[in-house]
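Chemist: work-v9.cif is reproduced in full below (mmCIF, C-alpha atoms).
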```
data_coords
#
loop_
_atom_site.label_atom_id
_atom_site.label_comp_id
_atom_site.auth_asym_id
_atom_site.auth_seq_id
_atom_site.Cartn_x
_atom_site.Cartn_y
_atom_site.Cartn_z
CA MET A 1 -1.83 5.88 -20.16
CA ALA A 2 1.83 4.85 -20.32
CA GLN A 3 3.05 3.66 -23.70
CA SER A 4 3.71 -0.07 -24.12
CA GLN A 5 7.03 -0.41 -25.96
CA ALA A 6 9.26 -3.18 -27.22
CA LEU A 7 12.27 -4.03 -25.07
CA VAL A 8 14.99 -1.44 -25.50
CA PRO A 9 17.84 -2.74 -27.68
CA GLY A 10 21.39 -2.38 -26.41
CA GLU A 11 22.45 -1.39 -22.93
CA VAL A 12 20.57 1.17 -20.85
CA ASP A 13 21.70 3.10 -17.81
CA VAL A 14 18.93 1.83 -15.53
CA ILE A 15 16.58 -1.14 -15.81
CA ILE A 16 13.39 -0.60 -13.82
CA VAL A 17 11.51 -3.76 -12.87
CA GLY A 18 7.89 -2.97 -12.03
CA ALA A 19 5.63 -0.10 -13.10
CA GLY A 20 3.97 0.74 -9.79
CA ALA A 21 4.45 3.99 -7.89
CA ALA A 22 8.11 3.25 -7.11
CA GLY A 23 8.87 2.33 -10.72
CA ILE A 24 7.12 5.39 -12.11
CA ALA A 25 8.99 7.67 -9.70
CA ALA A 26 12.28 6.01 -10.61
CA ALA A 27 11.60 6.44 -14.33
CA ARG A 28 10.75 10.12 -13.92
CA ARG A 29 13.99 10.62 -12.00
CA VAL A 30 16.05 8.97 -14.75
CA ILE A 31 14.25 10.98 -17.43
CA ALA A 32 15.01 14.19 -15.55
CA ALA A 33 18.69 13.22 -15.57
CA GLY A 34 18.57 12.68 -19.33
CA ARG A 35 19.61 9.04 -19.10
CA LYS A 36 18.43 5.92 -20.91
CA PHE A 37 16.26 3.33 -19.15
CA ALA A 38 14.02 0.35 -19.78
CA MET A 39 10.91 -0.32 -17.69
CA ILE A 40 9.33 -3.78 -17.66
CA GLU A 41 6.08 -4.81 -15.99
CA GLY A 42 4.67 -8.30 -15.54
CA SER A 43 0.99 -7.35 -15.56
CA ASP A 44 -1.10 -5.74 -18.29
CA HIS A 45 -1.31 -2.33 -16.58
CA ILE A 46 0.79 0.26 -14.81
CA GLY A 47 0.21 1.29 -11.20
CA GLY A 48 0.93 -1.95 -9.36
CA ARG A 49 -1.21 -2.03 -6.22
CA CYS A 50 -2.56 1.45 -6.99
CA VAL A 51 -4.98 1.10 -9.88
CA THR A 52 -8.36 2.64 -10.69
CA GLU A 53 -11.12 0.77 -12.52
CA THR A 54 -14.17 2.31 -14.23
CA LYS A 55 -15.66 -0.56 -16.27
CA THR A 56 -17.59 -2.39 -13.54
CA PHE A 57 -19.71 0.47 -12.23
CA GLY A 58 -19.24 3.22 -14.80
CA VAL A 59 -17.56 5.39 -12.16
CA PRO A 60 -13.99 5.18 -10.87
CA PHE A 61 -13.08 3.04 -7.90
CA ASP A 62 -9.63 2.23 -6.60
CA ARG A 63 -8.93 -1.48 -6.46
CA GLY A 64 -5.94 -0.90 -4.23
CA ALA A 65 -4.69 2.24 -2.48
CA HIS A 66 -7.41 4.88 -2.10
CA TRP A 67 -6.53 7.07 0.91
CA ILE A 68 -4.08 9.88 0.16
CA HIS A 69 -2.31 10.34 3.49
CA MET A 70 -0.94 13.75 4.52
CA PRO A 71 -1.68 15.43 1.15
CA ASP A 72 0.34 18.54 2.02
CA LEU A 73 3.48 16.39 2.26
CA ASN A 74 2.61 13.56 -0.12
CA PRO A 75 5.18 13.49 -2.97
CA VAL A 76 2.62 12.16 -5.46
CA VAL A 77 0.16 14.97 -4.72
CA LYS A 78 2.94 17.50 -5.27
CA GLN A 79 3.00 16.33 -8.90
CA ALA A 80 -0.80 16.30 -9.31
CA GLY A 81 -1.22 19.96 -10.16
CA ALA A 82 0.93 19.61 -13.25
CA VAL A 83 -1.43 17.00 -14.72
CA GLY A 84 -4.66 18.75 -13.72
CA VAL A 85 -5.84 16.29 -11.07
CA ASP A 86 -8.40 17.40 -8.48
CA ILE A 87 -7.68 16.43 -4.87
CA TYR A 88 -10.24 17.02 -2.11
CA SER A 89 -10.08 16.61 1.66
CA ALA A 90 -11.57 13.56 3.33
CA PRO A 91 -14.25 14.30 5.94
CA PRO A 92 -12.77 14.52 9.45
CA GLY A 93 -13.47 11.83 12.00
CA GLN A 94 -15.41 8.61 11.71
CA LYS A 95 -18.62 6.99 12.85
CA VAL A 96 -18.96 4.03 15.18
CA ARG A 97 -21.93 1.73 15.06
CA ILE A 98 -22.99 0.05 18.32
CA GLY A 99 -25.49 -2.62 17.45
CA ARG A 100 -28.13 -0.86 15.38
CA ARG A 101 -27.38 2.69 16.53
CA TYR A 102 -24.52 5.12 16.35
CA ALA A 103 -22.24 5.73 19.30
CA ARG A 104 -23.36 8.62 21.46
CA GLU A 105 -21.07 11.56 22.16
CA GLY A 106 -19.81 10.15 25.45
CA GLU A 107 -19.20 6.74 23.88
CA MET A 108 -17.22 8.29 21.03
CA GLU A 109 -15.10 10.20 23.54
CA ASP A 110 -14.44 6.98 25.42
CA TYR A 111 -13.49 5.15 22.22
CA LEU A 112 -11.14 7.89 21.03
CA ALA A 113 -9.52 8.18 24.48
CA THR A 114 -8.99 4.43 24.54
CA GLN A 115 -7.41 4.60 21.11
CA VAL A 116 -5.01 7.32 22.26
CA ARG A 117 -4.01 5.18 25.25
CA ALA A 118 -3.32 2.27 22.90
CA HIS A 119 -1.12 4.43 20.66
CA ARG A 120 0.82 5.75 23.64
CA ALA A 121 1.36 2.25 24.99
CA ILE A 122 2.77 1.08 21.65
CA ASP A 123 5.04 4.14 21.43
CA GLU A 124 6.29 3.54 24.98
CA ALA A 125 6.97 -0.13 24.27
CA ALA A 126 8.85 0.79 21.09
CA ARG A 127 11.22 2.99 23.08
CA LYS A 128 12.24 -0.02 25.15
CA GLY A 129 12.44 -2.70 22.47
CA ASP A 130 10.63 -4.24 19.53
CA ILE A 131 7.84 -6.47 20.74
CA SER A 132 4.52 -7.05 19.00
CA CYS A 133 1.86 -4.36 19.12
CA ALA A 134 -0.47 -6.88 20.77
CA GLN A 135 1.97 -7.31 23.67
CA ALA A 136 2.28 -3.54 24.02
CA LEU A 137 -1.46 -2.84 24.31
CA PRO A 138 -2.85 -1.98 27.76
CA LYS A 139 -4.61 -4.92 29.39
CA ASP A 140 -7.62 -2.85 30.46
CA LEU A 141 -9.14 -1.74 27.15
CA GLY A 142 -12.37 -3.42 28.21
CA GLU A 143 -15.33 -3.32 25.85
CA TRP A 144 -13.33 -1.47 23.17
CA GLN A 145 -10.61 -4.15 23.00
CA LYS A 146 -11.69 -5.81 19.72
CA THR A 147 -12.45 -2.50 18.03
CA ILE A 148 -9.03 -1.09 18.92
CA GLU A 149 -7.33 -4.28 17.80
CA PHE A 150 -9.08 -4.07 14.43
CA ALA A 151 -8.60 -0.33 13.89
CA LEU A 152 -4.88 -0.36 14.70
CA GLY A 153 -4.12 -3.78 13.24
CA PRO A 154 -5.97 -5.03 10.13
CA LEU A 155 -7.46 -1.66 9.15
CA SER A 156 -4.13 0.18 9.46
CA CYS A 157 -1.50 -2.51 8.87
CA GLY A 158 -3.24 -5.33 7.00
CA LYS A 159 -2.20 -7.71 9.81
CA ASP A 160 -3.39 -8.59 13.30
CA LEU A 161 -1.43 -6.76 16.00
CA ASN A 162 0.40 -9.87 17.18
CA GLU A 163 2.10 -9.92 13.76
CA VAL A 164 3.15 -6.25 13.76
CA SER A 165 6.35 -4.73 15.16
CA ALA A 166 5.66 -2.06 17.77
CA LEU A 167 8.75 -0.19 16.58
CA ASP A 168 7.61 -0.27 12.95
CA PHE A 169 4.15 0.96 13.96
CA SER A 170 5.55 3.70 16.16
CA ARG A 171 7.95 4.98 13.50
CA SER A 172 5.29 5.27 10.83
CA ARG A 173 4.70 8.88 9.96
CA GLU A 174 1.45 10.56 10.92
CA ARG A 175 -1.52 9.61 8.71
CA ASP A 176 -4.36 11.48 10.39
CA ILE A 177 -5.01 14.02 7.62
CA ASP A 178 -6.31 12.46 4.42
CA ALA A 179 -7.64 13.30 0.99
CA PHE A 180 -9.10 11.61 -2.06
CA CYS A 181 -8.65 12.02 -5.80
CA ARG A 182 -11.82 12.54 -7.83
CA ILE A 183 -10.64 10.40 -10.72
CA GLY A 184 -9.09 7.81 -8.42
CA TYR A 185 -5.64 7.48 -6.87
CA GLY A 186 -4.62 4.92 -9.49
CA ALA A 187 -5.81 7.18 -12.30
CA MET A 188 -3.74 10.02 -10.90
CA LEU A 189 -0.69 7.75 -10.84
CA ALA A 190 -1.40 6.70 -14.43
CA LYS A 191 -1.46 10.34 -15.52
CA LEU A 192 1.98 10.81 -14.02
CA ALA A 193 3.17 7.88 -16.13
CA GLU A 194 1.61 8.94 -19.45
CA LYS A 195 4.90 9.80 -21.15
CA ILE A 196 6.89 6.91 -19.74
CA PRO A 197 7.63 4.03 -22.14
CA VAL A 198 6.95 0.68 -20.49
CA GLN A 199 6.83 -2.92 -21.70
CA LEU A 200 3.73 -4.57 -20.26
CA ASN A 201 3.17 -8.33 -19.96
CA ALA A 202 6.93 -8.74 -19.60
CA PRO A 203 7.60 -10.27 -16.17
CA ALA A 204 11.20 -10.55 -15.03
CA THR A 205 12.08 -14.23 -14.76
CA ARG A 206 15.80 -13.93 -14.03
CA ILE A 207 17.97 -11.06 -12.82
CA GLY A 208 21.70 -11.46 -13.29
CA TRP A 209 23.49 -9.02 -11.03
CA GLY A 210 26.93 -10.62 -10.69
CA LEU A 211 28.17 -9.48 -14.08
CA ARG A 212 31.34 -7.40 -14.35
CA THR A 213 29.72 -4.74 -16.47
CA GLY A 214 26.15 -4.47 -15.22
CA VAL A 215 22.81 -6.26 -14.93
CA ASP A 216 20.80 -8.53 -17.24
CA VAL A 217 17.05 -9.03 -16.80
CA GLU A 218 15.38 -11.87 -18.67
CA THR A 219 11.70 -11.81 -19.63
CA PRO A 220 9.54 -13.99 -21.91
CA ARG A 221 9.90 -11.19 -24.48
CA GLY A 222 13.67 -11.11 -24.39
CA THR A 223 16.56 -9.89 -22.29
CA VAL A 224 17.40 -6.31 -21.42
CA SER A 225 20.88 -5.26 -20.32
CA GLY A 226 21.76 -2.28 -18.18
CA ARG A 227 24.48 -0.73 -16.09
CA THR A 228 22.22 -0.70 -13.00
CA ALA A 229 18.74 -1.84 -11.97
CA VAL A 230 15.94 -0.71 -9.66
CA ILE A 231 13.76 -3.61 -8.52
CA THR A 232 10.31 -2.56 -7.32
CA VAL A 233 8.48 -5.89 -6.97
CA SER A 234 6.76 -6.69 -3.67
CA THR A 235 8.47 -8.49 -0.81
CA ASN A 236 6.18 -11.48 -1.33
CA MET A 237 7.29 -11.64 -4.96
CA LEU A 238 10.94 -11.60 -3.88
CA THR A 239 10.43 -14.57 -1.56
CA SER A 240 8.11 -16.50 -3.91
CA GLY A 241 10.87 -17.76 -6.20
CA LYS A 242 9.11 -16.38 -9.29
CA ILE A 243 12.19 -14.32 -10.09
CA ARG A 244 15.51 -16.17 -10.16
CA PHE A 245 18.59 -14.20 -9.18
CA THR A 246 22.07 -15.11 -10.37
CA PRO A 247 23.96 -15.27 -8.18
CA ASP A 248 21.28 -16.10 -5.63
CA LEU A 249 19.80 -13.21 -3.71
CA PRO A 250 21.84 -12.91 -0.48
CA ARG A 251 20.25 -14.46 2.60
CA ARG A 252 20.31 -11.02 4.25
CA GLN A 253 17.93 -9.57 1.65
CA LEU A 254 15.74 -12.67 1.52
CA ASP A 255 15.35 -12.69 5.30
CA ALA A 256 14.50 -8.97 5.27
CA ALA A 257 11.84 -9.47 2.60
CA SER A 258 10.38 -12.37 4.59
CA LYS A 259 10.18 -10.24 7.74
CA LEU A 260 8.39 -7.55 5.72
CA SER A 261 5.76 -9.86 4.25
CA LEU A 262 2.55 -8.37 2.88
CA GLY A 263 -0.61 -8.28 4.93
CA SER A 264 -4.10 -8.91 3.59
CA TYR A 265 -6.40 -5.99 2.73
CA ASP A 266 -9.31 -6.19 0.28
CA HIS A 267 -12.27 -4.10 -0.85
CA ILE A 268 -15.80 -5.44 -1.25
CA MET A 269 -17.62 -2.95 -3.49
CA LEU A 270 -21.40 -2.71 -3.25
CA GLU A 271 -23.54 -0.54 -5.50
CA LEU A 272 -26.39 0.67 -3.28
CA PRO A 273 -28.75 3.03 -5.15
CA GLY A 274 -30.99 5.22 -3.03
CA ASN A 275 -28.51 5.35 -0.13
CA PRO A 276 -30.32 2.74 2.05
CA LEU A 277 -27.80 3.25 4.87
CA ALA A 278 -28.44 7.02 4.94
CA LEU A 279 -24.71 7.78 5.08
CA GLN A 280 -22.94 10.86 3.78
CA ARG A 281 -20.34 11.12 1.04
CA ASP A 282 -17.07 9.40 2.05
CA ASP A 283 -18.32 8.57 5.56
CA LEU A 284 -15.88 6.29 7.40
CA LEU A 285 -17.53 3.72 9.67
CA VAL A 286 -16.44 0.94 12.03
CA GLU A 287 -18.46 -1.06 14.51
CA LYS A 288 -18.00 -1.72 18.21
CA ALA A 289 -16.77 -5.23 17.56
CA ASP A 290 -16.88 -8.30 19.77
CA SER A 291 -14.74 -10.50 17.48
CA ASN A 292 -12.24 -10.24 14.65
CA LYS A 293 -14.99 -10.90 12.09
CA THR A 294 -15.52 -7.24 11.38
CA ALA A 295 -14.84 -4.64 8.70
CA GLY A 296 -14.49 -0.97 7.92
CA VAL A 297 -16.76 1.00 5.58
CA LEU A 298 -16.24 3.96 3.28
CA ALA A 299 -19.70 4.96 2.12
CA ASN A 300 -20.87 6.77 -1.03
CA VAL A 301 -17.32 6.85 -2.38
CA GLY A 302 -16.61 10.15 -4.10
CA GLY A 303 -20.34 10.99 -4.08
CA SER A 304 -21.28 7.81 -5.94
CA THR A 305 -23.62 5.02 -4.84
CA LEU A 306 -20.65 2.75 -4.11
CA CYS A 307 -20.03 1.43 -0.63
CA MET A 308 -16.50 0.11 0.03
CA VAL A 309 -16.38 -2.58 2.72
CA ASP A 310 -12.79 -3.32 3.75
CA VAL A 311 -11.77 -6.67 5.22
CA ALA A 312 -8.22 -7.26 6.36
CA GLY A 313 -5.86 -9.15 8.60
CA ARG A 314 -6.27 -12.84 9.39
CA PHE A 315 -10.04 -12.79 9.02
CA GLY A 316 -9.84 -10.87 5.75
CA ARG A 317 -7.29 -13.33 4.38
CA GLU A 318 -9.49 -16.32 5.27
CA LEU A 319 -12.57 -14.66 3.79
CA SER A 320 -10.80 -13.69 0.58
CA ALA A 321 -9.59 -17.25 0.14
CA GLN A 322 -13.23 -18.37 0.03
CA GLY A 323 -13.88 -16.30 -3.08
CA GLU A 324 -16.04 -13.43 -4.30
CA LYS A 325 -19.41 -14.94 -3.39
CA ALA A 326 -18.43 -15.47 0.25
CA MET A 327 -16.99 -11.95 0.47
CA VAL A 328 -20.11 -10.28 -0.91
CA THR A 329 -22.36 -12.42 1.30
CA PHE A 330 -20.40 -11.39 4.39
CA ALA A 331 -20.54 -7.68 3.49
CA LEU A 332 -24.29 -7.69 2.87
CA GLU A 333 -25.10 -9.67 6.01
CA TRP A 334 -22.71 -7.69 8.20
CA LEU A 335 -24.06 -4.31 7.08
CA GLY A 336 -27.63 -5.64 7.17
CA ASN A 337 -27.19 -6.65 10.81
CA LEU A 338 -25.84 -3.21 11.73
CA TYR A 339 -28.68 -1.34 10.04
CA GLY A 340 -31.53 -3.82 10.24
CA THR A 341 -31.90 -3.72 6.48
CA ASN A 342 -32.10 -6.50 3.91
CA LEU A 343 -29.45 -5.24 1.53
CA LYS A 344 -29.68 -8.27 -0.75
CA ASN A 345 -32.67 -6.63 -2.40
CA ALA A 346 -31.04 -3.20 -2.49
CA VAL A 347 -27.65 -4.04 -3.96
CA ARG A 348 -27.07 -3.94 -7.72
CA ARG A 349 -23.62 -4.69 -9.02
CA THR A 350 -20.74 -5.90 -6.83
CA ALA A 351 -17.00 -6.37 -7.17
CA VAL A 352 -14.20 -7.55 -4.91
CA THR A 353 -10.43 -7.42 -4.83
CA ARG A 354 -8.34 -10.42 -3.88
CA TRP A 355 -4.80 -9.10 -3.71
CA ASN A 356 -3.43 -12.26 -2.10
CA GLU A 357 -4.28 -14.08 -5.35
CA ASP A 358 -2.87 -11.40 -7.63
CA PRO A 359 0.14 -13.04 -9.34
CA TRP A 360 2.12 -9.79 -9.54
CA SER A 361 1.82 -8.71 -5.91
CA LEU A 362 0.71 -11.71 -3.77
CA GLY A 363 -0.67 -9.44 -1.07
CA ALA A 364 -1.54 -5.91 -0.03
CA PHE A 365 1.25 -3.99 1.75
CA SER A 366 4.08 -4.70 4.14
CA ALA A 367 4.17 -4.64 7.93
CA ALA A 368 7.33 -5.64 9.81
CA ALA A 369 7.19 -8.68 12.06
CA PRO A 370 7.94 -8.10 15.77
CA GLY A 371 11.66 -7.55 16.24
CA SER A 372 12.21 -6.91 12.53
CA GLN A 373 11.84 -3.18 11.94
CA SER A 374 15.49 -3.01 10.89
CA ALA A 375 14.63 -5.14 7.85
CA ARG A 376 13.46 -1.95 6.10
CA ARG A 377 16.97 -0.53 6.28
CA THR A 378 18.30 -3.78 4.82
CA MET A 379 15.91 -3.47 1.87
CA ILE A 380 17.39 -0.05 1.11
CA GLU A 381 20.94 -1.45 0.79
CA ALA A 382 22.44 -1.85 -2.68
CA LEU A 383 23.55 -5.16 -4.17
CA ASN A 384 27.05 -4.92 -5.59
CA ASN A 385 26.45 -1.18 -6.09
CA ARG A 386 24.34 -2.14 -9.13
CA VAL A 387 20.92 -3.17 -7.88
CA TRP A 388 18.61 -1.22 -5.61
CA PHE A 389 15.25 -2.28 -4.19
CA ALA A 390 12.36 0.16 -4.02
CA GLY A 391 8.71 0.16 -3.00
CA GLU A 392 6.65 0.85 0.08
CA ALA A 393 8.51 -1.86 2.03
CA ALA A 394 11.78 0.01 1.47
CA HIS A 395 10.63 3.10 3.36
CA GLU A 396 11.08 3.35 7.12
CA THR A 397 8.27 5.79 7.93
CA LEU A 398 5.88 5.76 4.96
CA TRP A 399 5.65 1.98 4.52
CA GLY A 400 2.29 0.78 3.28
CA THR A 401 1.65 3.98 1.32
CA VAL A 402 1.89 5.13 -2.30
CA GLY A 403 3.85 8.15 -1.12
CA GLY A 404 6.39 5.89 0.55
CA ALA A 405 6.76 3.80 -2.60
CA TRP A 406 7.23 6.97 -4.67
CA GLU A 407 9.93 8.38 -2.38
CA SER A 408 11.78 5.05 -2.31
CA GLY A 409 11.69 4.87 -6.12
CA GLU A 410 13.18 8.34 -6.40
CA ARG A 411 15.86 7.42 -3.84
CA ALA A 412 16.81 4.19 -5.59
CA ALA A 413 17.01 5.85 -9.01
CA THR A 414 19.13 8.66 -7.58
CA GLU A 415 21.57 6.16 -6.09
CA ALA A 416 21.73 4.21 -9.35
CA LEU A 417 22.48 7.40 -11.30
CA LYS A 418 25.16 8.41 -8.83
CA SER A 419 26.82 5.02 -9.18
CA ILE A 420 27.39 5.57 -12.91
CA GLY A 421 28.48 9.17 -12.51
CA ALA A 422 25.28 10.63 -13.88
CA LEU A 423 24.77 12.71 -10.76
CA LYS A 424 27.26 14.43 -8.55
CA PRO A 425 27.25 13.06 -4.99
CA VAL A 426 25.97 15.52 -2.43
CA ALA A 427 26.73 15.69 1.26
CA GLU A 428 24.22 13.60 3.15
CA GLU A 429 22.09 15.62 5.54
CA LYS A 430 21.39 14.32 8.98
CA PRO A 431 17.70 13.40 9.37
CA VAL A 432 15.66 15.74 11.51
CA PRO A 433 13.78 13.81 14.21
CA GLN A 434 10.03 13.96 13.67
CA GLN A 435 7.45 14.02 16.39
CA GLN A 436 5.50 10.80 16.27
CA ARG A 437 1.76 11.17 16.38
CA LYS A 438 -1.12 8.76 16.13
CA ARG A 439 -2.09 7.03 12.92
CA ARG A 440 -5.49 7.35 11.30
CA SER A 441 -7.48 4.23 11.99
#
```
Transcribe the structure of this file into structure tokens.
Modeler:
Amino acid sequence: MAQSQALVPGEVDVIIVGAGAAGIAAARRVIAAGRKFAMIEGSDHIGGRCVTETKTFGVPFDRGAHWIHMPDLNPVVKQAGAVGVDIYSAPPGQKVRIGRRYAREGEMEDYLATQVRAHRAIDEAARKGDISCAQALPKDLGEWQKTIEFALGPLSCGKDLNEVSALDFSRSRERDIDAFCRIGYGAMLAKLAEKIPVQLNAPATRIGWGLRTGVDVETPRGTVSGRTAVITVSTNMLTSGKIRFTPDLPRRQLDAASKLSLGSYDHIMLELPGNPLALQRDDLLVEKADSNKTAGVLANVGGSTLCMVDVAGRFGRELSAQGEKAMVTFALEWLGNLYGTNLKNAVRRTAVTRWNEDPWSLGAFSAAAPGSQSARRTMIEALNNRVWFAGEAAHETLWGTVGGAWESGERAATEALKSIGALKPVAEEKPVPQQQRKRRS
């Protein structure tokens, strides 16, 4: 894993705050330019919200990001071959449970057609303005209403659709082709950070960006000084007051971070030996829901006996706040009702994530509030041509993804290097419009 180092003495070219995907990408960019940097991380591990754990079950499971969207284009996957990481395609499609049976062919066609109509309605609304996705949905979704609301909202965005900008949703790049990493997405990210020196357990407490000569970042372990800085902490961290900025962070950036607040998305991991649900490896399952108290399932993760039950949005946030016992109880009872099986006697070990309580992230991933898609562009702006923000929230089309965080980290580091003359400016290319297609639910 990355090397934990003492704070770098003297001034560096770039200070990188945060060792998640954006921070790692930024560090690699600075290293490639042959410049000096210091990376500090508040937690005891690298990876941020993309971290793999093996201790609980003896096999890897991703506590945060797990789905590798669009692997052929994903910037992290492009680096995977160099570190010998095995990526494999996710099974196509998904299963839908209706009561205690699976949806029949005609029912699946109806569900998928309804989902396409919902996507088109959101895209059409986004062309006219920036209302909520809930307002944009057709009013005649009928018996699939709750399922569509869950699949497009909590399961895709970490928020209910009334909290999500239709324009933000519509501009998100296609995520219908997916893959997984055999050792875990977080483990792959850690491999890409193996040669990067980082100071762990060193949270930034104050960032001074109004200096004439550069930037100072204070931590409990000391202060590091640099000519520029790339800040990769989450939007919720920026608005929490845990990091003091001097001078104060401009209202423009604070408002943008607030409008890009993190949604709630957690995993409930169940070890189910003997495959009592008779599901295949990496099967994706949702139910035909009649309320928001529902979940998504990824079964037999990576060929293991682990079942990943995902809860998200408002219901997921409320459930997570009740603690691990309540989360596991819900997952066992919910799955038991769908399959008519008493899973309490079948389950062995369990584990849950509670990202809203994580002191270094305070949530899962960003989704723009209605009318606030432009906040992502604001997050990309530089402060005093010395400080740049990076992370999934600072990407206009790949928000909520590790790939988006990575690209934003590379961008921010490139801009920081240009500002000190370490890179020659290049003519900016005009973006090529991309056809917008439906998201994977």
Chemist: Convert the output of the PyMOL selection byres ((chain A and resi 46-59) around 8) on the shown file into explicit residues, formatted as a ChimeraX atom specification.
Modeler: /A:2,18-21,41,43-45,60-66,184-187,189-190,200,271,304,349,351,360-361,364,402
Chemist: Is there a way to get, as a VMD selection string, all residues within 6 Å of the point (-10.9, -2.2, 9.8) in file coordinates, counting all atoms listed in the file?
Modeler: chain A and resid 150 to 151 154 to 155 295 to 296
Chemist: List the spatial neighbours of Gln145 of chain A as a VMD selection string - criterion: any atom at most 10 Å away, all atoms listed in the file, same-chain residues fewer than 3 positions off excluded.
Modeler: chain A and resid 111 114 to 115 118 137 to 142 148 to 150 288 to 291
Chemist: Hey, can you spit out that residue selection with C-alpha atoms as a PDB file, in the coordinates of the input?
Modeler:
```
ATOM      1  CA  TYR A 111     -13.490   5.150  22.220  1.00  0.00           C
ATOM      2  CA  THR A 114      -8.990   4.430  24.540  1.00  0.00           C
ATOM      3  CA  GLN A 115      -7.410   4.600  21.110  1.00  0.00           C
ATOM      4  CA  ALA A 118      -3.320   2.270  22.900  1.00  0.00           C
ATOM      5  CA  LEU A 137      -1.460  -2.840  24.310  1.00  0.00           C
ATOM      6  CA  PRO A 138      -2.850  -1.980  27.760  1.00  0.00           C
ATOM      7  CA  LYS A 139      -4.610  -4.920  29.390  1.00  0.00           C
ATOM      8  CA  ASP A 140      -7.620  -2.850  30.460  1.00  0.00           C
ATOM      9  CA  LEU A 141      -9.140  -1.740  27.150  1.00  0.00           C
ATOM     10  CA  GLY A 142     -12.370  -3.420  28.210  1.00  0.00           C
ATOM     11  CA  ILE A 148      -9.030  -1.090  18.920  1.00  0.00           C
ATOM     12  CA  GLU A 149      -7.330  -4.280  17.800  1.00  0.00           C
ATOM     13  CA  PHE A 150      -9.080  -4.070  14.430  1.00  0.00           C
ATOM     14  CA  LYS A 288     -18.000  -1.720  18.210  1.00  0.00           C
ATOM     15  CA  ALA A 289     -16.770  -5.230  17.560  1.00  0.00           C
ATOM     16  CA  ASP A 290     -16.880  -8.300  19.770  1.00  0.00           C
ATOM     17  CA  SER A 291     -14.740 -10.500  17.480  1.00  0.00           C
TER      18      SER A 291
END
```
Chemist: Which of these, A:Ile131, A:Ala367, A:Met379, A:Ala312, has the shortest distance to Arg251 of chain A once you count all atoms listed in the file?
Modeler: A:Met379
Chemist: Could you list, as JSON, numbers by chain, every residue within 9 Å of segment 382-394 of chain A, counting all atoms listed in the file and ignoring same-chain residues fewer than 4 positions away?
Modeler: {"A": [20, 21, 22, 23, 26, 209, 210, 214, 215, 227, 228, 229, 230, 231, 232, 233, 234, 235, 249, 250, 257, 260, 261, 262, 365, 366, 367, 368, 375, 376, 377, 378, 398, 399, 400, 401, 402, 403, 404, 405, 406, 407, 408, 409, 410, 411, 412, 413, 415, 416, 419]}
Chemist: Hey, what's within 9 Å of Val301 of chain A if we count all atoms listed in the file and toss same-chain stuff fewer than 2 positions away? As a PyMOL selection string, please?
Modeler: chain A and resi 61+281-283+298-299+303-308
Chemist: I need every residue sitting at most 12 Å from the point (2.1, -0.5, 21.9) (coordinates as in the file, only C-alpha atoms considered), written as a ChimeraX atom specification.
Modeler: /A:115-139,148-149,152-153,161-162,164-171,370,438
Chemist: Of the candidates A:Glu107, A:Asp358, A:Glu318, A:Asp72, which shows the shortest atom-to-atom distance to Met237 of chain A, using only C-alpha atoms?
Modeler: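 Of the candidates, the smallest distance to Met237 of chain A is held by A:Asp358.
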Chemist: Applying 9 Å and only C-alpha atoms, which residues near Ser320 of chain A remain after dropping the ones on its own chain fewer than 6 positions away? List them as a PDB file with C-alpha atoms, in the frame of the given file.
Modeler:
```pdb
ATOM      1  CA  SER A 264      -4.100  -8.910   3.590  1.00  0.00           C
ATOM      2  CA  ASP A 266      -9.310  -6.190   0.280  1.00  0.00           C
ATOM      3  CA  VAL A 311     -11.770  -6.670   5.220  1.00  0.00           C
ATOM      4  CA  ALA A 326     -18.430 -15.470   0.250  1.00  0.00           C
ATOM      5  CA  MET A 327     -16.990 -11.950   0.470  1.00  0.00           C
ATOM      6  CA  VAL A 352     -14.200  -7.550  -4.910  1.00  0.00           C
ATOM      7  CA  THR A 353     -10.430  -7.420  -4.830  1.00  0.00           C
ATOM      8  CA  ARG A 354      -8.340 -10.420  -3.880  1.00  0.00           C
ATOM      9  CA  TRP A 355      -4.800  -9.100  -3.710  1.00  0.00           C
ATOM     10  CA  ASN A 356      -3.430 -12.260  -2.100  1.00  0.00           C
ATOM     11  CA  GLU A 357      -4.280 -14.080  -5.350  1.00  0.00           C
TER      12      GLU A 357
END
```
Chemist: Give me, please, the distance in Å between atom CA of Asp216 of chain A and atom CA of Lys259 of chain A, quoted to one decimal.
Modeler: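 These atoms are spaced 27.2 Å apart.
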Chemist: Which of these, A:Thr239, A:Asn345, A:Thr414, A:Asn292, has the shortest distance to Arg317 of chain A once you count only C-alpha atoms?
Modeler: A:Asn292
Chemist: With C-alpha atoms retained, output segment 143-155 of chain A as a short mmCIF file (atom, residue, chain, number, x, y, z; two decimals), in the first residue's frame.
Modeler:
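Generated output (selection.cif):
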```cif
data_model
loop_
_atom_site.label_atom_id
_atom_site.label_comp_id
_atom_site.auth_asym_id
_atom_site.auth_seq_id
_atom_site.Cartn_x
_atom_site.Cartn_y
_atom_site.Cartn_z
CA GLU A 143 -47.61 -0.18 -10.79
CA TRP A 144 -43.92 0.38 -11.59
CA GLN A 145 -43.86 3.88 -10.06
CA LYS A 146 -42.06 3.01 -6.80
CA THR A 147 -39.60 0.67 -8.51
CA ILE A 148 -38.64 3.31 -11.08
CA GLU A 149 -38.32 5.95 -8.38
CA PHE A 150 -35.96 3.69 -6.43
CA ALA A 151 -33.90 2.50 -9.40
CA LEU A 152 -33.33 5.99 -10.82
CA GLY A 153 -33.12 7.81 -7.50
CA PRO A 154 -31.57 6.11 -4.44
CA LEU A 155 -29.95 3.22 -6.33
#
```
